[in-house]
Amino acid sequence: MKTMNYSVIRSICSIIIGLLLVVWPETAIWYLVITIGALFLVPGLVSILTYVMNGQKVKMPFPIVSVGSFLFGLWLMVSPAFFVGILMYVLGVVLVFAGISQIINLMNFRTWAQVSMGYFVFPVLILVAGMVVLLNPFAVASIPFIILGVSCMVYGITDIINNLRFKKKEENALYQDVVVEDITPIEE
């Protein structure tokens, strides 16, 4: 069975998030914070309910982390405005790291394939966009969200293109490095 390509899944998620941020910049970020809140709240709630239903029978320790997860998720869902401000900085940092990661990956691709400087344009733009979001996140509320959305889409698209373009060359380079041993049949 073939393993799942998490790079492609990550790229598709980035494109979807970027598209949502471009189409509905003011609304999308609120729903993103609420969704993150739900992702903390639901597992915390499940663990708490599991403890309440089975804790006395199995002698489970009290799930303190689950209570914290539940309360943090509830806080995110009830007051997303507080976290929208923080989230812009977090997403700016993510873009900076995504741009740096793509640049490093392209430099690594150079060991087995010729990579023209044109491939570095979009990762550098993603890096710059992340720095712009970090330095001026609230100049005009929707502009950073649109920049962030476009950057997420560009990151996802270029990551898919780079993977498609260089994966085959990487496999060929790795295949050429494999030394085939002389296998002799076992005599009976």
# chains A, B, ... in the order shown; residues from 1 in each chain; ligands from 1
call {"tool": "residues_around", "arguments": {"residues": "stretch 83-87 of chain A", "least_positions_apart": "5", "cutoff": "8 Å", "atoms": "only C-alpha atoms", "output": "list in words"}}
result
Ile29, Trp30, Val33 and Leu76 of chain A
call {"tool": "select_by_dssp", "arguments": {"residues": "chain A", "states": "alpha helix (DSSP H)", "output": "MDAnalysis selection string"}}
result
chainID A and resid 6:23 25:58 64:78 80:109 121:135 142:177
call {"tool": "atom_distance", "arguments": {"atom1": "atom CA of A:Asn105", "atom2": "atom CA of A:Tyr89"}}
result
24.2 Å
call {"tool": "closest_residue", "arguments": {"among": "A:Tyr155, A:Tyr51, A:Tyr6, A:Phe166", "to": "A:Thr111", "atoms": "only C-alpha atoms"}}
result
A:Phe166
call {"tool": "atom_distance", "arguments": {"atom1": "atom CA of A:Phe62", "atom2": "atom CA of A:Leu45"}}
result
13.0 Å
call {"tool": "atom_distance", "arguments": {"atom1": "atom CA of A:Ile104", "atom2": "atom CA of A:Ile36"}}
result
29.1 Å
call {"tool": "closest_residue", "arguments": {"among": "A:Gln102, A:Ile143, A:Pro25, A:Met117", "to": "A:Ser7", "atoms": "only C-alpha atoms"}}
result
A:Gln102
call {"tool": "closest_residue", "arguments": {"among": "A:Gly118, A:Pro61, A:Pro137, A:Gly156", "to": "A:Leu106", "atoms": "only C-alpha atoms"}}
result
A:Gly118
call {"tool": "closest_residue", "arguments": {"among": "A:Ile126, A:Lys168, A:Gly37, A:Pro43", "to": "A:Trp112", "atoms": "only C-alpha atoms"}}
result
A:Lys168
call {"tool": "residues_around", "arguments": {"residues": "A:Pro63", "least_positions_apart": "6", "cutoff": "12 Å", "atoms": "only C-alpha atoms", "output": "ChimeraX atom specification"}}
result
/A:43-52,55,69-70
call {"tool": "closest_residue", "arguments": {"among": "A:Ala81, A:Ile17, A:Val90, A:Arg10", "to": "A:Asp159", "atoms": "only C-alpha atoms"}}
result
A:Arg10
call {"tool": "closest_residue", "arguments": {"among": "A:Val150, A:Val8, A:Ala129, A:Leu134", "to": "A:Val93", "atoms": "only C-alpha atoms"}}
result
A:Leu134
call {"tool": "residues_around", "arguments": {"residues": "A:Cys152", "least_positions_apart": "5", "cutoff": "12 Å", "atoms": "only C-alpha atoms", "output": "ChimeraX atom specification"}}
result
/A:10-22,91-92,94-96,98-99,122-123,125-127,129-130,144-147,157-159
call {"tool": "residues_around", "arguments": {"residues": "A:Ala113", "least_positions_apart": "3", "cutoff": "7 Å", "atoms": "only C-alpha atoms", "output": "PyMOL selection string"}}
result
chain A and resi 109-110+169
call {"tool": "decode", "arguments": {"residues": "stretch 78-91 of chain A", "atoms": "all heavy atoms", "output": "PDB file, in the first residue's frame"}}
result
ATOM      1  N   VAL A  78     -15.753  31.428  22.419  1.00  0.00           N
ATOM      2  CA  VAL A  78     -16.587  32.487  22.991  1.00  0.00           C
ATOM      3  C   VAL A  78     -16.050  33.876  22.656  1.00  0.00           C
ATOM      4  O   VAL A  78     -16.816  34.799  22.364  1.00  0.00           O
ATOM      5  CB  VAL A  78     -16.706  32.301  24.525  1.00  0.00           C
ATOM      6  CG1 VAL A  78     -17.360  33.500  25.185  1.00  0.00           C
ATOM      7  CG2 VAL A  78     -17.494  31.040  24.828  1.00  0.00           C
ATOM      8  N   SER A  79     -14.718  34.051  22.681  1.00  0.00           N
ATOM      9  CA  SER A  79     -14.157  35.378  22.388  1.00  0.00           C
ATOM     10  C   SER A  79     -13.074  35.293  21.317  1.00  0.00           C
ATOM     11  O   SER A  79     -11.895  35.455  21.606  1.00  0.00           O
ATOM     12  CB  SER A  79     -13.605  36.012  23.659  1.00  0.00           C
ATOM     13  OG  SER A  79     -12.573  35.216  24.191  1.00  0.00           O
ATOM     14  N   PRO A  80     -13.496  35.070  20.073  1.00  0.00           N
ATOM     15  CA  PRO A  80     -12.505  34.946  19.002  1.00  0.00           C
ATOM     16  C   PRO A  80     -11.785  36.260  18.681  1.00  0.00           C
ATOM     17  O   PRO A  80     -10.674  36.240  18.162  1.00  0.00           O
ATOM     18  CB  PRO A  80     -13.315  34.456  17.804  1.00  0.00           C
ATOM     19  CG  PRO A  80     -14.706  34.868  18.086  1.00  0.00           C
ATOM     20  CD  PRO A  80     -14.846  34.864  19.576  1.00  0.00           C
ATOM     21  N   ALA A  81     -12.384  37.417  19.020  1.00  0.00           N
ATOM     22  CA  ALA A  81     -11.762  38.702  18.693  1.00  0.00           C
ATOM     23  C   ALA A  81     -10.391  38.845  19.349  1.00  0.00           C
ATOM     24  O   ALA A  81      -9.452  39.366  18.740  1.00  0.00           O
ATOM     25  CB  ALA A  81     -12.670  39.849  19.129  1.00  0.00           C
ATOM     26  N   PHE A  82     -10.259  38.375  20.572  1.00  0.00           N
ATOM     27  CA  PHE A  82      -8.982  38.439  21.276  1.00  0.00           C
ATOM     28  C   PHE A  82      -7.909  37.648  20.533  1.00  0.00           C
ATOM     29  O   PHE A  82      -6.773  38.088  20.386  1.00  0.00           O
ATOM     30  CB  PHE A  82      -9.154  37.901  22.701  1.00  0.00           C
ATOM     31  CG  PHE A  82      -7.863  37.779  23.460  1.00  0.00           C
ATOM     32  CD1 PHE A  82      -7.228  38.905  23.961  1.00  0.00           C
ATOM     33  CD2 PHE A  82      -7.286  36.541  23.664  1.00  0.00           C
ATOM     34  CE1 PHE A  82      -6.039  38.789  24.657  1.00  0.00           C
ATOM     35  CE2 PHE A  82      -6.093  36.424  24.352  1.00  0.00           C
ATOM     36  CZ  PHE A  82      -5.463  37.558  24.855  1.00  0.00           C
ATOM     37  N   PHE A  83      -8.293  36.502  20.041  1.00  0.00           N
ATOM     38  CA  PHE A  83      -7.330  35.620  19.405  1.00  0.00           C
ATOM     39  C   PHE A  83      -7.067  35.962  17.937  1.00  0.00           C
ATOM     40  O   PHE A  83      -6.066  35.529  17.388  1.00  0.00           O
ATOM     41  CB  PHE A  83      -7.780  34.165  19.542  1.00  0.00           C
ATOM     42  CG  PHE A  83      -7.730  33.705  20.963  1.00  0.00           C
ATOM     43  CD1 PHE A  83      -8.866  33.699  21.744  1.00  0.00           C
ATOM     44  CD2 PHE A  83      -6.536  33.311  21.531  1.00  0.00           C
ATOM     45  CE1 PHE A  83      -8.822  33.297  23.057  1.00  0.00           C
ATOM     46  CE2 PHE A  83      -6.469  32.913  22.837  1.00  0.00           C
ATOM     47  CZ  PHE A  83      -7.621  32.896  23.609  1.00  0.00           C
ATOM     48  N   VAL A  84      -7.963  36.729  17.310  1.00  0.00           N
ATOM     49  CA  VAL A  84      -7.720  37.137  15.925  1.00  0.00           C
ATOM     50  C   VAL A  84      -6.444  37.967  15.862  1.00  0.00           C
ATOM     51  O   VAL A  84      -5.622  37.797  14.962  1.00  0.00           O
ATOM     52  CB  VAL A  84      -8.931  37.912  15.350  1.00  0.00           C
ATOM     53  CG1 VAL A  84      -8.572  38.634  14.063  1.00  0.00           C
ATOM     54  CG2 VAL A  84     -10.084  36.955  15.111  1.00  0.00           C
ATOM     55  N   GLY A  85      -6.256  38.837  16.851  1.00  0.00           N
ATOM     56  CA  GLY A  85      -5.040  39.651  16.896  1.00  0.00           C
ATOM     57  C   GLY A  85      -3.792  38.803  17.047  1.00  0.00           C
ATOM     58  O   GLY A  85      -2.787  39.010  16.363  1.00  0.00           O
ATOM     59  N   ILE A  86      -3.843  37.826  17.921  1.00  0.00           N
ATOM     60  CA  ILE A  86      -2.705  36.936  18.129  1.00  0.00           C
ATOM     61  C   ILE A  86      -2.481  36.066  16.898  1.00  0.00           C
ATOM     62  O   ILE A  86      -1.341  35.822  16.498  1.00  0.00           O
ATOM     63  CB  ILE A  86      -2.947  36.061  19.380  1.00  0.00           C
ATOM     64  CG1 ILE A  86      -2.978  36.927  20.631  1.00  0.00           C
ATOM     65  CG2 ILE A  86      -1.883  34.986  19.511  1.00  0.00           C
ATOM     66  CD1 ILE A  86      -3.412  36.187  21.873  1.00  0.00           C
ATOM     67  N   LEU A  87      -3.567  35.623  16.284  1.00  0.00           N
ATOM     68  CA  LEU A  87      -3.469  34.711  15.155  1.00  0.00           C
ATOM     69  C   LEU A  87      -2.742  35.336  13.972  1.00  0.00           C
ATOM     70  O   LEU A  87      -2.009  34.649  13.254  1.00  0.00           O
ATOM     71  CB  LEU A  87      -4.868  34.243  14.734  1.00  0.00           C
ATOM     72  CG  LEU A  87      -4.918  33.136  13.706  1.00  0.00           C
ATOM     73  CD1 LEU A  87      -4.222  31.891  14.227  1.00  0.00           C
ATOM     74  CD2 LEU A  87      -6.347  32.821  13.335  1.00  0.00           C
ATOM     75  N   MET A  88      -2.904  36.639  13.772  1.00  0.00           N
ATOM     76  CA  MET A  88      -2.197  37.288  12.663  1.00  0.00           C
ATOM     77  C   MET A  88      -0.693  37.139  12.832  1.00  0.00           C
ATOM     78  O   MET A  88       0.025  36.867  11.872  1.00  0.00           O
ATOM     79  CB  MET A  88      -2.564  38.772  12.573  1.00  0.00           C
ATOM     80  CG  MET A  88      -3.890  39.024  11.913  1.00  0.00           C
ATOM     81  SD  MET A  88      -4.017  38.305  10.280  1.00  0.00           S
ATOM     82  CE  MET A  88      -2.801  39.237   9.402  1.00  0.00           C
ATOM     83  N   TYR A  89      -0.210  37.299  14.050  1.00  0.00           N
ATOM     84  CA  TYR A  89       1.220  37.129  14.297  1.00  0.00           C
ATOM     85  C   TYR A  89       1.645  35.679  14.093  1.00  0.00           C
ATOM     86  O   TYR A  89       2.689  35.412  13.500  1.00  0.00           O
ATOM     87  CB  TYR A  89       1.584  37.596  15.708  1.00  0.00           C
ATOM     88  CG  TYR A  89       1.506  39.091  15.859  1.00  0.00           C
ATOM     89  CD1 TYR A  89       0.475  39.684  16.576  1.00  0.00           C
ATOM     90  CD2 TYR A  89       2.455  39.917  15.271  1.00  0.00           C
ATOM     91  CE1 TYR A  89       0.391  41.063  16.714  1.00  0.00           C
ATOM     92  CE2 TYR A  89       2.379  41.298  15.400  1.00  0.00           C
ATOM     93  CZ  TYR A  89       1.347  41.861  16.122  1.00  0.00           C
ATOM     94  OH  TYR A  89       1.271  43.227  16.241  1.00  0.00           O
ATOM     95  N   VAL A  90       0.827  34.758  14.569  1.00  0.00           N
ATOM     96  CA  VAL A  90       1.153  33.331  14.413  1.00  0.00           C
ATOM     97  C   VAL A  90       1.193  32.960  12.930  1.00  0.00           C
ATOM     98  O   VAL A  90       2.130  32.299  12.467  1.00  0.00           O
ATOM     99  CB  VAL A  90       0.132  32.449  15.176  1.00  0.00           C
ATOM    100  CG1 VAL A  90       0.302  30.984  14.835  1.00  0.00           C
ATOM    101  CG2 VAL A  90       0.269  32.668  16.675  1.00  0.00           C
ATOM    102  N   LEU A  91       0.190  33.395  12.172  1.00  0.00           N
ATOM    103  CA  LEU A  91       0.162  33.070  10.752  1.00  0.00           C
ATOM    104  C   LEU A  91       1.293  33.767   9.991  1.00  0.00           C
ATOM    105  O   LEU A  91       1.837  33.213   9.034  1.00  0.00           O
ATOM    106  CB  LEU A  91      -1.202  33.422  10.147  1.00  0.00           C
ATOM    107  CG  LEU A  91      -2.357  32.550  10.632  1.00  0.00           C
ATOM    108  CD1 LEU A  91      -3.680  33.047  10.054  1.00  0.00           C
ATOM    109  CD2 LEU A  91      -2.150  31.101  10.300  1.00  0.00           C
TER     110      LEU A  91
END
